[in-house]
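Down below is the structure, laid out as structure tokens.
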Amino acid sequence: MLEIDSVQDHSALGLTEEQLLDMYRKMLLARKLDERVWALNRQGRVPFVVSVAGHEGTQVGAAFAIDPERDWSLPYYRDLAFNLALGVSPTEVFLGVLAKESDPASGGRQMPSHWSEPDLNVFSASSVIATQFPHACGIAHRIKTQGGDGVVLVSSGEGATSEGDWHEAMNFAGLHQLPVIFLVQNNLYAISTPSQEEIAGKVSERAHGYGVPGVEVDGNDILSVYRVMSTAVQRARAGEGPSLIEAKTYRYYAHTSDDDDKAYRTPEEVEFWRRKDPILILKQYLVESRLLDEDVEAKIEREINEEVAGAVDEAEAAAEPHDALSKVYARPIEPNAAVTEPEPEGSGETMNMITAINQALHGVLGEYDDAVVFGEDVSDPKGGVFKATVGLTDTFGPERCFNTPLAEALIVGVGVGIGAAGGRPIAEIQFADFAHPGFDQIVSEVARLHYRSNGRWSLPLVIRVPYGGGIHGALYHSQSIEAFYAHVPGLKVVVPSTPADAKGLLWAAVEDPDPVMVLEPKKLYRLAQGAVPDGQHSVPIGKAAMRRTGDDLTIIAYGTMAHFAVEASDVLRQEDIEAAVLDLRSLRPLDWPSIEQAVQRNGKVLIVHEDTQFGGFGAEVAAQIAEKALDWLDAPIRRYCAPEIPAFPYSAALEEQVFPSVEGIIENARALAAY
Ligand SMILES: Cc1ncc(C[n+]2csc(CCOP(=O)(O)OP(=O)(O)O)c2C)c(N)n1
């Protein structure tokens, strides 16, 4: 348990009279501002409101306990009072409410109350419940490993504590004894679901299973909240680890302006809680302490009313946003030069792909002090289930290469936090098939961070993912996932097919300011051999490689199928069929100029991938050719892919029946050449 003494007097808590009055002022400001937003909503000037009223005691008490100069916070959508108390101005709030161009959180791209303020170390939030908890752990991990004394405060409602991300983050925080405080504002409802239908046991007691102290506090009593928070902050600063604070409170209005709370709670219940209004509780304390009289109160109210009115006017006069297209990437890449010839054979030691990847990881960790590798089983002595990370922990220490718990959303989310706090995270997902639990973090958080913050945050996260079949991995160790992720703006997706490219694309990914998924074809880990340049070696993202030239047709492929296509091309050459092989290497961005050149050169295209055909990545390539280069085609585009089965079966006989092969490529190429 958190050891909390029972002092309730503000001076014993180290609060000056001025601070106490400021707390009151911030609570009242939040309430009045909230009421103004509701009024604007009723007037049809603001489409959406998420209300803070009732939560001000918890939020202002929490904000006063941290120091935004060195501490971080990850507030959730109800945290208006928290942000105001931290230093966000009413004008900035209304710029968000009215979705103006100068809205500091997102430039009008996100709904209101999706806070983000890099200058105050407030990290960008999405609408997805609980995804912020792994981010908080990543930031706290970075602070701890850098030897800083900052603390991370992450906040949510009680409904969020049902999400896996919350539990995965609690576990990680407990494991690493991170300087993070989980603040749960329990207002008894998650939209309409009452907490007795949401929570087994008590929120605060959930902490104990993770080796974290948990405490329940009256969230409407600001001094109690401040006391508990200050204790948690002191513990975290002193290296004593995380805390969970459950603040019991209540919201006075509906969940949002889209909700009708009369359907699920009575006016009597709301009235009961109105009598415990956190602003009234502090006001009574101030009056009893002779710090507030009617004149002072009237003056504060008058000032706040003026401040709110001025802020609305200022925000209403601000420019509307006009640019919905920019800031998808910190470094947009637009391929503009076609490759037509094979690259010259590189020099360097000959090795297989997994050795090249291992060498690249040693190289980048040596080159960049801020690079960190993490994932399941990546530490020595195991060094990863495929041995990609062998030697990293021994060479660079457990802070630079560490095992994570078995939790993919956590792995990706921790990467987000490490990146936010200035690190260069390199995550390993053990198998592509198990990236699915991390899908939400990758798609909703990683890919959107730069866009949703209007470019104020970027994320140099590398996600290495062994993928693909042909290794008797069966249904759950063979999947191709590229179509899911190449579909997502904000991500870059690359697939090497040679050891040199495996090193070079990984190196480029680490140096790129945007998130990059590196899909490593695990069939090629030991099968592909080749010369790999020593030292730093970077292959540009967005540039395909012409592996073979030929005037009869072009095989467009990537990963294992690019490797197979080269074999097929060499066989076809003996039959006088000249098949060019264009290895895409980069799926997003796609090297369209090289595809176009290839189509123009021989007018026949065979697209090959080991993923299933329907909605596969080849469909995108085919569509672009049909749209932009149809006139150059001398034959219908042909695709050779896995048949429409859920995944590759285990039995060698069954897998052989369905896994795209060199022979299959040859047959398809022959048919196309003969068209
Ligand atoms: C993952 C996810 N599921 C569902 C929703 C829709 N949703 C938005 S808020 C909310 C309830 C959250 O309740 P709680 O965490 O208790 O916070 P409160 O709004 O009560 O402060 C739900 C279900 C969502 N945003 N994200």
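All residue names refer to the structure tokens as shown: chains lettered A, B, ... in order, residues numbered from 1 in each chain, ligands numbered from 1 in order.
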Exercise for the section: Fewer than 4 positions away in the same chain doesn't count, so skip those; otherwise give me all residues within 12 Å of segment 654-665 of chain A, counting only C-alpha atoms, as an MDAnalysis selection string. Expected result: chainID A and resid 468:475 478:480 523 554:557 560:572 579 581 605:613 638:650 669:673
Practice task
Apply DSSP to the backbone of this structure and, from segment 100-251 of chain A, keep only the residues in strand (DSSP E); write these as JSON, numbers by chain.
Solution key: {"A": [152, 153, 154, 155, 156, 157, 180, 181, 182, 183, 184, 185, 186, 189, 190, 193, 194, 214, 215, 216, 217, 218, 243, 244, 245, 246, 247, 248]}
Exercise for the section: Select the residues contacting ligand 1 at a distance of at most 9 Å, based on only C-alpha atoms and all ligand atoms, then format the selection as JSON, numbers by chain. Expected result: {"A": [50, 51, 52, 55, 76, 77, 78, 79, 126, 127, 128, 129, 130, 131, 156, 157, 158, 159, 160, 161, 162, 163, 184, 185, 186, 187, 188, 189, 190, 191, 192, 193, 194, 195, 198, 250, 251, 255, 256, 440]}
Could you write out the selected residues, including N, CA and C atoms, as a compact mmCIF listing (two decimals), in the first residue's frame?
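Once everything was written out, this is part.txt:
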# COMPACT_ATOMS: atom_id res chain seq x y z
N VAL A 50 -17.07 16.90 -24.64
CA VAL A 50 -16.80 15.87 -23.64
C VAL A 50 -16.51 16.65 -22.36
N SER A 51 -17.29 16.37 -21.34
CA SER A 51 -17.37 17.27 -20.20
C SER A 51 -16.49 16.84 -19.03
N VAL A 52 -15.95 17.84 -18.34
CA VAL A 52 -15.12 17.57 -17.17
C VAL A 52 -15.91 17.73 -15.86
N HIS A 55 -15.15 16.32 -12.16
CA HIS A 55 -13.82 15.71 -12.01
C HIS A 55 -12.73 16.72 -11.62
N TYR A 76 -6.38 11.87 -20.50
CA TYR A 76 -7.42 11.37 -21.41
C TYR A 76 -8.43 12.47 -21.68
N TYR A 77 -9.44 12.12 -22.50
CA TYR A 77 -10.32 13.17 -23.04
C TYR A 77 -11.08 13.97 -21.99
N ARG A 78 -11.24 13.45 -20.77
CA ARG A 78 -12.02 14.20 -19.78
C ARG A 78 -11.15 15.17 -18.98
N ASP A 79 -9.86 15.25 -19.33
CA ASP A 79 -8.90 15.95 -18.46
C ASP A 79 -8.73 17.45 -18.76
N SER A 126 -5.05 9.54 -28.51
CA SER A 126 -6.04 9.14 -29.53
C SER A 126 -7.39 8.98 -28.84
N SER A 127 -8.37 8.47 -29.57
CA SER A 127 -9.68 8.21 -28.96
C SER A 127 -9.76 6.78 -28.42
N VAL A 128 -8.74 5.99 -28.66
CA VAL A 128 -8.83 4.57 -28.33
C VAL A 128 -8.55 4.39 -26.84
N ILE A 129 -9.51 3.83 -26.15
CA ILE A 129 -9.40 3.71 -24.70
C ILE A 129 -8.20 2.84 -24.31
N ALA A 130 -7.39 3.36 -23.43
CA ALA A 130 -6.29 2.65 -22.74
C ALA A 130 -4.99 2.51 -23.52
N THR A 131 -4.96 2.94 -24.77
CA THR A 131 -3.71 2.78 -25.53
C THR A 131 -2.58 3.65 -24.96
N SER A 156 -7.02 7.97 -16.90
CA SER A 156 -8.15 7.37 -17.64
C SER A 156 -9.36 7.30 -16.72
N GLY A 157 -10.46 6.80 -17.28
CA GLY A 157 -11.59 6.42 -16.45
C GLY A 157 -11.47 4.98 -16.00
N GLU A 158 -12.44 4.51 -15.21
CA GLU A 158 -12.35 3.14 -14.71
C GLU A 158 -12.63 2.12 -15.81
N GLY A 159 -13.42 2.52 -16.82
CA GLY A 159 -13.69 1.58 -17.91
C GLY A 159 -12.41 1.14 -18.60
N ALA A 160 -11.45 2.03 -18.67
CA ALA A 160 -10.18 1.72 -19.33
C ALA A 160 -9.43 0.58 -18.66
N THR A 161 -9.73 0.35 -17.39
CA THR A 161 -8.98 -0.70 -16.68
C THR A 161 -9.44 -2.10 -17.07
N SER A 162 -10.45 -2.18 -17.97
CA SER A 162 -10.83 -3.50 -18.50
C SER A 162 -10.02 -3.86 -19.74
N GLU A 163 -9.37 -2.89 -20.33
CA GLU A 163 -8.64 -3.13 -21.58
C GLU A 163 -7.32 -3.86 -21.31
N VAL A 184 -6.65 6.62 -12.10
CA VAL A 184 -7.94 6.17 -12.64
C VAL A 184 -9.05 7.00 -12.00
N GLN A 185 -9.75 7.73 -12.83
CA GLN A 185 -10.84 8.58 -12.34
C GLN A 185 -12.13 7.78 -12.45
N ASN A 186 -12.51 7.20 -11.32
CA ASN A 186 -13.67 6.30 -11.31
C ASN A 186 -14.94 7.12 -11.07
N ASN A 187 -15.64 7.40 -12.18
CA ASN A 187 -16.89 8.18 -12.07
C ASN A 187 -18.11 7.28 -12.14
N LEU A 188 -17.91 6.00 -11.90
CA LEU A 188 -18.96 4.98 -11.75
C LEU A 188 -19.62 4.52 -13.04
N TYR A 189 -19.34 5.16 -14.15
CA TYR A 189 -19.92 4.72 -15.42
C TYR A 189 -18.90 4.78 -16.54
N ALA A 190 -18.93 3.78 -17.41
CA ALA A 190 -18.23 3.86 -18.69
C ALA A 190 -19.34 4.02 -19.73
N ILE A 191 -19.53 5.19 -20.21
CA ILE A 191 -20.75 5.61 -20.91
C ILE A 191 -21.93 5.23 -20.01
N SER A 192 -22.67 4.16 -20.38
CA SER A 192 -23.83 3.81 -19.55
C SER A 192 -23.57 2.61 -18.65
N THR A 193 -22.43 1.96 -18.84
CA THR A 193 -22.17 0.72 -18.10
C THR A 193 -21.71 1.05 -16.68
N PRO A 194 -22.51 0.67 -15.67
CA PRO A 194 -22.12 0.99 -14.30
C PRO A 194 -20.90 0.18 -13.88
N SER A 195 -20.13 0.72 -12.95
CA SER A 195 -18.86 0.05 -12.60
C SER A 195 -19.09 -1.36 -12.05
N GLU A 198 -18.68 -3.59 -14.76
CA GLU A 198 -17.41 -3.36 -15.47
C GLU A 198 -16.24 -3.97 -14.73
N TYR A 250 -17.35 11.69 -9.93
CA TYR A 250 -18.63 11.59 -10.63
C TYR A 250 -18.67 12.67 -11.70
N ARG A 251 -19.30 12.35 -12.84
CA ARG A 251 -19.47 13.42 -13.84
C ARG A 251 -20.92 13.91 -13.79
N HIS A 255 -22.08 11.48 -20.78
CA HIS A 255 -20.72 11.07 -21.17
C HIS A 255 -20.12 12.06 -22.18
N THR A 256 -20.88 12.34 -23.23
CA THR A 256 -20.52 13.39 -24.19
C THR A 256 -21.83 14.01 -24.67
N ASP A 440 -3.85 -2.69 -33.22
CA ASP A 440 -4.44 -1.41 -32.81
C ASP A 440 -3.36 -0.38 -32.52
Handout entry: Selection: 9 Å around Ala309 of chain A, only C-alpha atoms, excl. self and same-chain fewer than 5 positions, as a ChimeraX atom specification
Key = /A:36,304,314
I need the residues from that last selection saved to file as a short mmCIF file (atom, residue, chain, number, x, y, z; two decimals), in the first residue's frame (with N, CA, C and O atoms), if you can.
data_model
loop_
_atom_site.label_atom_id
_atom_site.label_comp_id
_atom_site.auth_asym_id
_atom_site.auth_seq_id
_atom_site.Cartn_x
_atom_site.Cartn_y
_atom_site.Cartn_z
N ARG A 36 -19.41 26.85 -20.82
CA ARG A 36 -19.43 27.66 -22.04
C ARG A 36 -19.42 26.77 -23.29
O ARG A 36 -20.09 27.04 -24.27
N ILE A 304 -12.60 35.19 -14.30
CA ILE A 304 -12.73 33.95 -15.09
C ILE A 304 -13.73 34.15 -16.23
O ILE A 304 -13.47 33.75 -17.38
N GLU A 314 -11.25 35.16 -29.18
CA GLU A 314 -9.95 34.99 -29.85
C GLU A 314 -9.95 33.74 -30.74
O GLU A 314 -9.51 33.76 -31.89
#
Fill in the blank from the handout: A straight line from atom CA of Pro533 of chain A to atom CA of Pro496 of chain A spans 15.0 Å
Completion exercise
If you count only C-alpha atoms, the residue of A:Ala635, A:Ala315, A:Leu183, A:Val46 closest to Val93 of chain A turns out to be A:Ala315
Handout entry: From A:Val225, A:Leu86, A:Ala580, A:Leu410, residue lying nearest Asn171 of chain A [only C-alpha atoms]
Key = A:Leu410
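Using only C-alpha atoms, the nearest neighbour of Glu578 of chain A within the list A:Thr549, A:Gln597, A:Ser89, A:Ser124 is A:Thr549.
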Exercise for the section: Give me every alpha helix (DSSP H) residue in segment 30-258 of chain A, going by DSSP on the backbone, as number ranges by chain. Expected result: A: 30-42, 56-64, 80-86, 90-97, 132-145, 164-176, 203-206, 222-237
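Once Lys543 of chain A and its same-chain neighbours fewer than 4 positions away are set aside, A:Pro335, A:Val339, A:Leu584, A:Arg585, A:Ser586, A:Leu590, A:Asp591 remain within 8 Å of it when counting only C-alpha atoms.
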Output for the residues just chosen: N, CA, C and O atoms as a PDB file, in the first residue's frame:
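File part.pdb, as written:
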ATOM      1  N   PRO A 335       9.223   8.271 -54.690  1.00  0.00           N
ATOM      2  CA  PRO A 335      10.175   7.702 -55.650  1.00  0.00           C
ATOM      3  C   PRO A 335      10.017   8.398 -56.997  1.00  0.00           C
ATOM      4  O   PRO A 335       8.907   8.611 -57.464  1.00  0.00           O
ATOM      5  N   VAL A 339      14.510   2.289 -61.602  1.00  0.00           N
ATOM      6  CA  VAL A 339      15.686   1.422 -61.756  1.00  0.00           C
ATOM      7  C   VAL A 339      15.435   0.532 -62.968  1.00  0.00           C
ATOM      8  O   VAL A 339      14.341  -0.004 -63.141  1.00  0.00           O
ATOM      9  N   LEU A 584      10.391  -5.453 -55.421  1.00  0.00           N
ATOM     10  CA  LEU A 584       9.865  -4.162 -54.951  1.00  0.00           C
ATOM     11  C   LEU A 584      10.616  -3.613 -53.736  1.00  0.00           C
ATOM     12  O   LEU A 584      10.762  -2.426 -53.554  1.00  0.00           O
ATOM     13  N   ARG A 585      11.023  -4.483 -52.838  1.00  0.00           N
ATOM     14  CA  ARG A 585      11.748  -4.118 -51.605  1.00  0.00           C
ATOM     15  C   ARG A 585      10.932  -3.216 -50.683  1.00  0.00           C
ATOM     16  O   ARG A 585      10.958  -3.366 -49.468  1.00  0.00           O
ATOM     17  N   SER A 586      10.280  -2.232 -51.254  1.00  0.00           N
ATOM     18  CA  SER A 586       9.517  -1.283 -50.453  1.00  0.00           C
ATOM     19  C   SER A 586       8.083  -1.309 -50.964  1.00  0.00           C
ATOM     20  O   SER A 586       7.848  -1.113 -52.150  1.00  0.00           O
ATOM     21  N   LEU A 590       5.680   2.879 -52.618  1.00  0.00           N
ATOM     22  CA  LEU A 590       5.871   1.965 -53.742  1.00  0.00           C
ATOM     23  C   LEU A 590       6.652   2.690 -54.830  1.00  0.00           C
ATOM     24  O   LEU A 590       6.347   3.838 -55.158  1.00  0.00           O
ATOM     25  N   ASP A 591       7.611   1.993 -55.394  1.00  0.00           N
ATOM     26  CA  ASP A 591       8.456   2.601 -56.433  1.00  0.00           C
ATOM     27  C   ASP A 591       7.732   2.521 -57.780  1.00  0.00           C
ATOM     28  O   ASP A 591       8.078   1.702 -58.643  1.00  0.00           O
TER      29      ASP A 591
END
Handout entry: Residue contacts of Glu343 of chain A (8 Å, only C-alpha atoms) excluding same-chain residues fewer than 5 positions away, as a list in words
Key = Ala545, Met546 and Arg547 of chain A
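Between atom CA of Ala409 of chain A and atom CA of Phe374 of chain A the interatomic distance comes to 13.0 Å.
Counting only C-alpha atoms and comparing A:Ile181, A:Ala337, A:Val270, A:Leu506, the residue that lies closest to Gly363 of chain A is A:Leu506.
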Could you pull the residues within 10 Å of Gly397 of chain A, counting only C-alpha atoms, minus those fewer than 5 positions along the same chain, as a PDB file with N, CA, C and O atoms, in the first residue's frame?
ATOM      1  N   SER A 379      16.706 -11.041 -25.499  1.00  0.00           N
ATOM      2  CA  SER A 379      17.941 -10.913 -24.710  1.00  0.00           C
ATOM      3  C   SER A 379      18.832 -12.127 -24.842  1.00  0.00           C
ATOM      4  O   SER A 379      18.351 -13.227 -25.105  1.00  0.00           O
ATOM      5  N   ASP A 380      20.104 -11.925 -24.578  1.00  0.00           N
ATOM      6  CA  ASP A 380      21.015 -13.070 -24.449  1.00  0.00           C
ATOM      7  C   ASP A 380      20.682 -13.819 -23.165  1.00  0.00           C
ATOM      8  O   ASP A 380      20.182 -13.208 -22.231  1.00  0.00           O
ATOM      9  N   GLY A 391      23.790 -11.523 -28.901  1.00  0.00           N
ATOM     10  CA  GLY A 391      24.988 -10.739 -28.587  1.00  0.00           C
ATOM     11  C   GLY A 391      24.702  -9.292 -28.235  1.00  0.00           C
ATOM     12  O   GLY A 391      25.576  -8.592 -27.729  1.00  0.00           O
ATOM     13  N   LEU A 392      23.472  -8.827 -28.493  1.00  0.00           N
ATOM     14  CA  LEU A 392      23.209  -7.400 -28.263  1.00  0.00           C
ATOM     15  C   LEU A 392      23.207  -7.063 -26.769  1.00  0.00           C
ATOM     16  O   LEU A 392      23.786  -6.053 -26.352  1.00  0.00           O
ATOM     17  N   PHE A 402      16.438  -5.559 -24.324  1.00  0.00           N
ATOM     18  CA  PHE A 402      15.771  -6.208 -23.193  1.00  0.00           C
ATOM     19  C   PHE A 402      14.541  -7.010 -23.620  1.00  0.00           C
ATOM     20  O   PHE A 402      13.869  -6.680 -24.604  1.00  0.00           O
TER      21      PHE A 402
END
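Restricting the calculation to only C-alpha atoms, the smallest distance between Pro521 of chain A and any of A:Thr249, A:Ser347, A:Ser497, A:Thr231 is found for A:Ser497.
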